[in-house]
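Below is the file work.txt, which contains compact mmCIF, C-alpha atoms and all ligand atoms.
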# COMPACT_ATOMS: atom_id res chain seq x y z
CA MET H 1 -70.52 -42.32 83.29
CA SER H 2 -72.39 -45.38 81.82
CA LYS H 3 -72.34 -45.98 78.07
CA TRP H 4 -76.08 -45.20 77.77
CA LYS H 5 -75.65 -41.97 79.72
CA LYS H 6 -72.83 -40.93 77.37
CA ILE H 7 -75.03 -41.64 74.33
CA THR H 8 -77.93 -39.62 75.86
CA VAL H 9 -75.65 -36.71 76.66
CA ALA H 10 -74.10 -36.82 73.11
CA LEU H 11 -77.55 -37.01 71.53
CA SER H 12 -78.93 -34.10 73.57
CA ILE H 13 -75.85 -31.99 72.68
CA GLY H 14 -76.40 -32.93 69.02
CA VAL H 15 -80.08 -32.01 69.19
CA MET H 16 -79.17 -28.78 70.96
CA MET H 17 -76.55 -28.02 68.29
CA LEU H 18 -79.05 -28.72 65.48
CA THR H 19 -81.69 -26.58 67.15
CA LEU H 20 -79.26 -23.73 67.60
CA ALA H 21 -78.09 -24.11 63.98
CA GLY H 22 -81.69 -24.26 62.84
CA CYS H 23 -82.57 -21.17 64.89
CA GLY H 24 -79.37 -19.53 63.89
CA GLY H 25 -80.09 -20.53 60.26
CA GLY H 26 -83.68 -19.31 60.73
CA ALA H 27 -82.38 -16.17 62.45
CA LYS H 28 -79.69 -15.99 59.77
CA GLN H 29 -82.44 -16.41 57.15
CA GLU H 30 -84.49 -13.65 58.78
CA THR H 31 -81.53 -11.36 59.05
CA SER H 32 -79.69 -12.37 55.86
CA LYS H 33 -82.74 -12.22 53.58
CA PRO H 34 -84.93 -9.20 54.44
CA VAL H 35 -87.43 -9.15 51.59
CA ASP H 36 -86.96 -5.67 50.14
CA LYS H 37 -90.38 -4.09 49.67
CA LYS H 38 -90.79 -3.79 45.84
CA ILE H 39 -91.50 -0.18 44.91
CA ILE H 40 -94.89 0.15 43.25
CA LEU H 41 -95.24 3.00 40.71
CA GLY H 42 -98.61 3.96 39.25
CA PHE H 43 -98.17 5.57 35.81
CA SER H 44 -100.98 7.21 33.82
CA GLN H 45 -100.00 7.61 30.16
CA ILE H 46 -101.86 9.96 27.80
CA GLY H 47 -102.41 7.44 25.00
CA ALA H 48 -100.67 6.16 21.87
CA GLU H 49 -101.40 9.15 19.61
CA SER H 50 -97.93 9.51 18.07
CA GLU H 51 -94.57 7.84 17.45
CA TRP H 52 -93.28 10.02 20.27
CA ARG H 53 -95.83 8.69 22.75
CA THR H 54 -95.19 5.07 21.80
CA ALA H 55 -91.44 5.58 22.31
CA ASN H 56 -92.15 7.29 25.64
CA THR H 57 -94.25 4.31 26.81
CA GLU H 58 -91.59 1.82 25.71
CA SER H 59 -88.93 3.79 27.59
CA ILE H 60 -90.96 3.86 30.80
CA LYS H 61 -91.86 0.14 30.68
CA ALA H 62 -88.30 -0.95 29.86
CA SER H 63 -86.75 1.24 32.57
CA ALA H 64 -89.23 0.03 35.21
CA LYS H 65 -88.30 -3.58 34.39
CA THR H 66 -84.57 -2.83 34.57
CA ALA H 67 -85.04 -0.93 37.84
CA GLY H 68 -87.07 -3.77 39.39
CA ILE H 69 -89.96 -1.39 40.02
CA GLU H 70 -93.50 -2.79 39.82
CA LEU H 71 -95.27 -0.64 37.21
CA LYS H 72 -99.04 -0.24 37.20
CA PHE H 73 -99.54 1.30 33.74
CA SER H 74 -102.72 2.85 32.37
CA ASP H 75 -103.38 4.24 28.84
CA ALA H 76 -105.97 7.04 28.87
CA GLN H 77 -106.64 7.17 25.10
CA GLN H 78 -106.01 10.95 25.28
CA LYS H 79 -108.96 11.48 27.66
CA GLN H 80 -108.46 13.46 30.88
CA GLU H 81 -111.31 11.65 32.65
CA ASN H 82 -109.49 8.34 32.10
CA GLN H 83 -106.31 9.78 33.59
CA ILE H 84 -108.21 11.04 36.64
CA LYS H 85 -109.80 7.59 37.07
CA ALA H 86 -106.37 5.95 36.86
CA LEU H 87 -104.86 8.34 39.43
CA ARG H 88 -107.77 7.65 41.82
CA SER H 89 -107.25 3.93 41.40
CA PHE H 90 -103.54 4.28 42.19
CA ILE H 91 -104.45 6.22 45.34
CA GLN H 92 -106.87 3.45 46.38
CA GLN H 93 -104.20 0.83 45.76
CA LYS H 94 -101.83 2.85 47.94
CA VAL H 95 -98.98 2.79 45.40
CA ASP H 96 -95.66 4.20 46.59
CA VAL H 97 -95.38 6.86 43.87
CA ILE H 98 -97.70 8.23 41.18
CA ALA H 99 -96.33 9.56 37.88
CA PHE H 100 -98.23 10.87 34.87
CA SER H 101 -98.05 12.91 31.69
CA PRO H 102 -101.07 15.26 31.95
CA VAL H 103 -102.96 15.41 28.66
CA VAL H 104 -104.00 19.02 29.38
CA GLU H 105 -102.72 21.63 31.85
CA THR H 106 -105.84 22.20 33.95
CA GLY H 107 -108.60 20.16 35.67
CA TRP H 108 -106.33 18.30 38.12
CA ASP H 109 -107.18 20.22 41.33
CA ALA H 110 -109.35 17.56 43.03
CA VAL H 111 -107.36 14.45 42.19
CA LEU H 112 -103.98 15.99 43.00
CA GLN H 113 -105.38 17.18 46.36
CA GLU H 114 -106.54 13.58 46.98
CA ALA H 115 -103.03 12.27 46.22
CA LYS H 116 -101.57 14.90 48.58
CA ASP H 117 -104.05 13.97 51.34
CA ALA H 118 -103.14 10.29 50.82
CA LYS H 119 -99.45 11.29 51.17
CA ILE H 120 -98.57 9.68 47.83
CA PRO H 121 -95.82 11.68 46.04
CA VAL H 122 -96.55 12.69 42.43
CA ILE H 123 -94.00 13.04 39.61
CA LEU H 124 -94.95 14.88 36.38
CA THR H 125 -93.30 13.56 33.24
CA ASP H 126 -93.31 15.19 29.80
CA ARG H 127 -96.03 17.79 30.46
CA SER H 128 -96.91 20.00 33.43
CA VAL H 129 -100.11 21.17 35.14
CA LYS H 130 -101.68 24.43 36.30
CA MET H 131 -103.75 24.50 39.55
CA SER H 132 -106.58 26.99 40.22
CA ASN H 133 -104.80 28.20 43.38
CA GLY H 134 -101.69 28.97 41.30
CA LYS H 135 -99.59 26.70 43.52
CA ALA H 136 -99.02 23.69 41.23
CA ASP H 137 -95.55 23.20 42.76
CA ASP H 138 -97.20 22.12 46.03
CA TYR H 139 -98.78 19.09 44.35
CA TYR H 140 -95.86 17.37 42.69
CA VAL H 141 -92.31 16.49 43.71
CA THR H 142 -90.65 17.03 40.34
CA PHE H 143 -91.51 17.79 36.69
CA MET H 144 -89.18 16.17 34.17
CA GLY H 145 -89.50 16.95 30.46
CA SER H 146 -88.67 19.35 27.69
CA ASP H 147 -88.86 23.14 27.58
CA PHE H 148 -91.64 23.49 25.00
CA VAL H 149 -91.35 27.28 24.71
CA GLU H 150 -87.68 26.82 23.79
CA GLU H 151 -88.66 24.19 21.23
CA GLY H 152 -91.04 26.72 19.64
CA ARG H 153 -88.28 29.36 19.63
CA ARG H 154 -85.86 26.88 17.99
CA ALA H 155 -88.41 26.13 15.26
CA GLY H 156 -88.86 29.85 14.61
CA LYS H 157 -85.12 30.58 14.63
CA TRP H 158 -84.38 27.68 12.29
CA LEU H 159 -87.11 28.86 9.88
CA VAL H 160 -85.92 32.49 9.75
CA ASP H 161 -82.32 31.36 9.19
CA PHE H 162 -83.38 28.91 6.48
CA MET H 163 -85.75 31.20 4.55
CA LYS H 164 -83.37 34.19 4.46
CA LYS H 165 -86.32 36.50 3.75
CA ASP H 166 -86.21 39.65 5.79
CA LYS H 167 -88.70 41.70 3.73
CA ASP H 168 -90.86 39.51 1.50
CA PRO H 169 -94.08 38.35 3.17
CA VAL H 170 -93.91 34.71 4.38
CA ASN H 171 -97.29 33.04 4.95
CA VAL H 172 -97.21 30.36 7.66
CA VAL H 173 -99.90 27.79 8.49
CA GLU H 174 -99.71 26.14 11.92
CA LEU H 175 -100.87 22.69 13.04
CA GLN H 176 -101.26 22.98 16.80
CA GLY H 177 -101.04 20.08 19.27
CA THR H 178 -103.87 19.00 21.59
CA VAL H 179 -105.96 22.01 22.69
CA GLY H 180 -105.07 23.01 26.25
CA SER H 181 -101.94 20.86 26.41
CA ALA H 182 -98.68 22.36 27.65
CA PRO H 183 -96.73 21.53 24.45
CA ALA H 184 -99.40 23.14 22.23
CA ILE H 185 -99.61 26.32 24.34
CA ASP H 186 -95.87 26.68 24.79
CA ARG H 187 -94.69 25.68 21.31
CA LYS H 188 -97.04 28.31 19.89
CA ALA H 189 -95.76 30.93 22.35
CA GLY H 190 -92.11 30.23 21.59
CA PHE H 191 -92.60 30.30 17.81
CA GLU H 192 -94.60 33.54 17.98
CA GLU H 193 -91.83 35.15 20.04
CA ILE H 194 -89.52 34.76 17.05
CA LEU H 195 -92.14 35.91 14.53
CA LYS H 196 -92.60 39.11 16.56
CA GLN H 197 -88.96 39.90 15.73
CA ASN H 198 -89.56 39.10 12.03
CA THR H 199 -92.80 40.85 11.13
CA ASN H 200 -92.76 39.81 7.46
CA TYR H 201 -93.70 36.30 8.73
CA LYS H 202 -97.42 35.87 9.34
CA ILE H 203 -99.44 32.92 10.67
CA ILE H 204 -102.41 33.02 8.27
CA LYS H 205 -104.11 29.83 9.52
CA SER H 206 -103.78 27.89 12.78
CA GLN H 207 -105.76 24.88 14.03
CA THR H 208 -105.27 21.80 16.19
CA GLY H 209 -104.39 18.48 14.61
CA ASP H 210 -104.38 16.85 18.07
CA PHE H 211 -100.84 15.52 17.58
CA THR H 212 -102.05 12.77 15.21
CA ARG H 213 -101.16 12.00 11.56
CA ALA H 214 -104.81 11.57 10.55
CA LYS H 215 -105.96 14.90 11.96
CA GLY H 216 -102.83 16.64 10.68
CA LYS H 217 -103.68 15.49 7.15
CA GLU H 218 -107.34 16.48 7.47
CA VAL H 219 -106.57 20.00 8.74
CA MET H 220 -103.83 20.55 6.14
CA GLU H 221 -106.34 19.61 3.42
CA SER H 222 -108.67 22.31 4.74
CA PHE H 223 -105.82 24.86 4.90
CA LEU H 224 -104.91 24.15 1.26
CA LYS H 225 -108.52 24.37 0.11
CA SER H 226 -109.30 27.64 1.89
CA ALA H 227 -105.98 29.25 0.91
CA LYS H 228 -106.71 28.41 -2.73
CA ALA H 229 -110.22 29.84 -2.45
CA GLU H 230 -108.84 33.03 -0.85
CA GLY H 231 -105.98 33.32 -3.38
CA GLN H 232 -103.42 33.01 -0.58
CA LYS H 233 -100.06 31.27 -1.02
CA ILE H 234 -98.88 28.97 1.79
CA ASP H 235 -95.09 29.28 2.08
CA VAL H 236 -94.48 27.39 5.36
CA LEU H 237 -96.07 24.74 7.59
CA TYR H 238 -95.14 24.79 11.30
CA ALA H 239 -96.37 21.57 12.96
CA HIS H 240 -96.22 21.10 16.74
CA ASN H 241 -95.18 17.48 16.18
CA ASP H 242 -93.73 15.27 13.43
CA ASP H 243 -96.82 13.04 13.21
CA MET H 244 -99.06 15.94 12.15
CA ALA H 245 -96.36 17.08 9.70
CA ILE H 246 -96.22 13.59 8.17
CA GLY H 247 -100.00 13.61 7.76
CA ALA H 248 -99.83 17.09 6.22
CA ILE H 249 -97.13 15.93 3.77
CA GLN H 250 -99.64 13.46 2.33
CA ALA H 251 -102.24 16.23 1.93
CA ILE H 252 -99.70 18.53 0.23
CA GLU H 253 -98.73 15.80 -2.25
CA GLU H 254 -102.38 14.95 -2.95
CA ALA H 255 -102.89 18.65 -3.75
CA GLY H 256 -100.16 18.33 -6.41
CA LEU H 257 -97.57 20.34 -4.49
CA LYS H 258 -94.04 19.35 -3.38
CA PRO H 259 -93.67 19.24 0.44
CA GLY H 260 -90.25 20.53 1.50
CA LYS H 261 -90.02 22.64 -1.67
CA ASP H 262 -93.31 24.39 -2.53
CA ILE H 263 -94.14 24.44 1.17
CA ILE H 264 -91.27 24.50 3.68
CA ILE H 265 -92.04 22.33 6.72
CA VAL H 266 -90.60 22.50 10.24
CA SER H 267 -91.91 20.25 13.02
CA ILE H 268 -90.99 19.01 16.51
CA ASP H 269 -90.11 15.65 18.12
CA GLY H 270 -87.32 14.14 16.00
CA VAL H 271 -88.97 10.72 15.58
CA LYS H 272 -87.72 8.23 12.99
CA GLY H 273 -90.60 9.06 10.64
CA ALA H 274 -89.36 12.66 10.54
CA PHE H 275 -85.83 11.58 9.63
CA GLU H 276 -87.20 9.41 6.84
CA ALA H 277 -89.28 12.35 5.53
CA MET H 278 -86.23 14.66 5.69
CA ILE H 279 -84.11 12.14 3.79
CA ALA H 280 -86.89 11.98 1.16
CA GLY H 281 -86.71 15.79 0.89
CA LYS H 282 -90.29 16.26 2.16
CA LEU H 283 -89.55 17.77 5.59
CA ASN H 284 -86.99 20.54 6.14
CA ALA H 285 -86.21 20.33 9.87
CA SER H 286 -87.29 18.58 13.06
CA ILE H 287 -86.68 20.05 16.53
CA GLU H 288 -85.77 17.30 18.99
CA CYS H 289 -88.09 16.53 21.92
CA SER H 290 -86.86 13.37 23.62
CA PRO H 291 -89.44 10.82 24.86
CA LEU H 292 -86.72 8.73 26.54
CA LEU H 293 -87.66 9.70 30.11
CA GLY H 294 -87.82 6.18 31.57
CA ASP H 295 -84.40 6.00 33.23
CA GLN H 296 -84.71 9.51 34.70
CA LEU H 297 -88.16 8.65 36.04
CA MET H 298 -87.09 5.40 37.69
CA SER H 299 -84.05 6.93 39.37
CA ALA H 300 -86.25 9.77 40.64
CA VAL H 301 -88.74 7.21 42.01
CA LYS H 302 -85.96 5.29 43.79
CA ASP H 303 -84.46 8.51 45.22
CA LEU H 304 -87.89 9.59 46.41
CA VAL H 305 -88.59 6.29 48.20
CA ALA H 306 -85.08 6.43 49.70
CA GLY H 307 -85.92 9.85 51.13
CA LYS H 308 -83.47 11.79 48.93
CA THR H 309 -84.35 15.29 47.73
CA ILE H 310 -84.99 15.77 44.00
CA GLU H 311 -84.77 18.89 41.85
CA LYS H 312 -88.17 20.42 41.24
CA ARG H 313 -87.51 20.72 37.49
CA ILE H 314 -85.43 18.35 35.34
CA VAL H 315 -85.12 19.68 31.76
CA THR H 316 -84.35 17.26 28.92
CA LYS H 317 -81.35 18.23 26.77
CA GLU H 318 -82.26 18.47 23.05
CA SER H 319 -80.99 19.46 19.57
CA VAL H 320 -82.22 20.73 16.20
CA PHE H 321 -82.03 18.44 13.15
CA PRO H 322 -82.08 20.13 9.70
CA ALA H 323 -82.65 17.83 6.71
CA ASP H 324 -78.99 17.94 5.63
CA VAL H 325 -77.89 15.98 8.73
CA ALA H 326 -80.80 13.49 8.68
CA ALA H 327 -79.07 10.66 6.78
CA LYS H 328 -75.99 10.80 9.02
CA GLU H 329 -78.04 11.09 12.23
CA LEU H 330 -80.73 8.46 11.50
CA PRO H 331 -78.60 5.43 12.56
CA ASN H 332 -78.03 7.09 15.96
CA ARG H 333 -81.70 7.62 16.67
CA LYS H 334 -83.10 5.65 19.60
CA TYR H 335 -86.77 6.50 18.93
C1 LIG J 401 -94.10 16.44 23.98
C2 LIG J 401 -95.26 15.47 23.99
C3 LIG J 401 -96.02 15.59 22.73
C4 LIG J 401 -95.22 15.23 21.49
C5 LIG J 401 -96.29 14.61 20.66
O1 LIG J 401 -93.33 16.26 25.12
O2 LIG J 401 -96.11 15.75 25.08
O3 LIG J 401 -97.11 14.68 22.80
O4 LIG J 401 -94.62 16.32 20.88
C6 LIG J 401 -97.00 13.77 21.69
O5 LIG J 401 -95.82 13.82 19.59
O6 LIG J 401 -98.22 13.34 21.24
Starting from the coordinates I provided, produce the structure as structure tokens.
Ligand code: GZL
Amino acid sequence: MSKWKKITVALSIGVMMLTLAGCGGGAKQETSKPVDKKIILGFSQIGAESEWRTANTESIKASAKTAGIELKFSDAQQKQENQIKALRSFIQQKVDVIAFSPVVETGWDAVLQEAKDAKIPVILTDRSVKMSNGKADDYYVTFMGSDFVEEGRRAGKWLVDFMKKDKDPVNVVELQGTVGSAPAIDRKAGFEEILKQNTNYKIIKSQTGDFTRAKGKEVMESFLKSAKAEGQKIDVLYAHNDDMAIGAIQAIEEAGLKPGKDIIIVSIDGVKGAFEAMIAGKLNASIECSPLLGDQLMSAVKDLVAGKTIEKRIVTKESVFPADVAAKELPNRKY
């Protein structure tokens, strides 16, 4: 074979080899680097009404980042119509999963039917919903969050144990959470279950403070004023969350009374502000309600997309914090 022929043959083998390598590399690239489809989660948050809610939002955002899940996050400023708008937008964007914390229990029939028709799975976090057809379970994959009725029972049980009054009348005023919300309905129900077994305890005034410090203070001011006018003594404040209790503490002090002493206060959430108030002797107990749902939510989203089955109800494990453990416990608090 002539020299030139040899060179041509060598060159064409080389070119062939390169092409194969290139293809192979290209093929290898295609096969070795399948671009995983990033899971897209649409999350509609209630608002930023309390320390609890802020911690809940931080937990969800941080966990989405760690999980590599693309989070489309919307803050509804505590308005149901904004949540419904957000859910509709997620449906239009064809997100992989929708999650939300429903500000109130009812009014979700149409939008949850639309999500079902669009075959987008829905996860409820923190609070649940009620559907007009009574079949809420058919519209969401899982509900993860606290047992609010149990939280109300724990508040009642702690109070009865603490007061040690089985005959003397005990007048209780109650700051309820957002009207129509699952925590407000259930925390009231659980607390009243315990008061039914201790009939010397009586709720003499009850009104919503909408889970905020400002409203909690305003309503407590009105309770104090009307009780004084009616010659009634307020022995206890039961607040459905710490933020309203903290607002009420200011009103009690401005009325010249000692919160935690003249008026015993029990509230729910276990946020840092509550621990600080307990250490200052102004709050007597806080019932834990953990907002740290982010990790649970993201693993549920991943399991869902991977086709795994998920429990219909995931209940958060929680404790009760009386004031005498507050100083020791505060450094351990994550929210
Ligand atoms: C409870 C949550 C409540 C908190 C409030 O899970 O929905 O809403 O108790 C918050 O602090 O505003």
Grab the atom CA of Phe211 of chain H to atom CA of Gly231 of chain H distance for me, in Å with one decimal place. 28.0 Å
Tell me, counting all atoms listed in the file, for each residue of segment 91-141 of chain H within 12 Å of segment 46-57 of chain H, which pair of atoms is nearest and how far apart they are in Å to one decimal, in rows ordered by chain and increasing number, as CSV.
residue,atom,partner,partner_atom,distance
H:Ala99,CA,H:Ile46,CA,11.5
H:Phe100,CA,H:Ile46,CA,8.0
H:Ser101,CA,H:Ile46,CA,6.2
H:Pro102,CA,H:Ile46,CA,6.8
H:Val103,CA,H:Ile46,CA,5.6
H:Val104,CA,H:Ile46,CA,9.4
H:Thr125,CA,H:Asn56,CA,9.9
H:Asp126,CA,H:Asn56,CA,9.0
H:Arg127,CA,H:Ile46,CA,10.1
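Taking all atoms listed in the file into account, the polymer residues that have an atom no farther than 6 Å from (-104.9, 21.3, 17.0) are Leu175, Gln176, Gly177, Thr178, Val179, Gln207, Thr208, Gly209 and Asp210 of chain H.
Separating atom CA of Asp137 of chain H from atom CA of Ser181 of chain H is a distance of 17.7 Å.
In terms of minimum interatomic distance to ligand LIG 401 (chain J), H:Lys272 ranks closest within H:Lys272, H:Lys65, H:Lys38, H:Lys135, counting all atoms listed in the file.
Here atom CA of Gly145 of chain H stands at a distance of 14.9 Å from atom CA of Gly270 of chain H.
Between ligand LIG 401 (chain J) and the candidates H:Arg153, H:Lys196, H:Lys302, H:Arg187, the tightest atom-to-atom separation, counting only C-alpha atoms and all ligand atoms, involves H:Arg187.
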Give me, as a VMD selection string, all polymer residues having an atom no more than 12 Å from Ile264 of chain H, counting all atoms listed in the file and skipping those fewer than 6 positions away in the same chain. chain H and resid 158 to 160 162 to 163 170 to 174 234 to 239 245 248 to 249 252 257 to 258 278 281 to 286 322 to 323
Rank H:Asp161, H:Asp109, H:Asp242, H:Asp303 by their smallest atom-to-atom distance to Glu276 of chain H, using all atoms listed in the file, and report the top residue only. H:Asp242
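Closest approach to ligand LIG 401 (chain J) among H:Pro169, H:Gly307, H:Pro121, H:Gly180 is made by H:Gly180 (distances from only C-alpha atoms and all ligand atoms).
Summary of the local environment: counting all atoms listed in the file, residues at most 12 Å from Glu253 of chain H, other than itself and those fewer than 3 positions away along its chain, are H:Lys217, H:Met220, H:Glu221, H:Leu224, H:Ile246, H:Gly247, H:Ala248, H:Ile249, H:Gln250, H:Gly256, H:Leu257, H:Lys258, H:Pro259, H:Gly260, H:Lys261, H:Asp262, H:Ile263, H:Lys282.
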Any idea what's packed within 9 Å of Ile194 of chain H, counting all atoms listed in the file, ignoring anything in its chain fewer than 4 positions away? Could you give it as an MDAnalysis selection string? chainID H and resid 152:157 160 190 198
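Minimum atom-to-atom distance to ligand LIG 401 (chain J), evaluated using only C-alpha atoms and all ligand atoms, belongs to H:Asp243 out of H:Asp138, H:Asp243, H:Glu193, H:Glu114.
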Which of these residues is nearest to ligand LIG 401 (chain J), using all atoms listed in the file: H:Ala184, H:Val320, H:Ala229, H:Ile314? H:Ala184
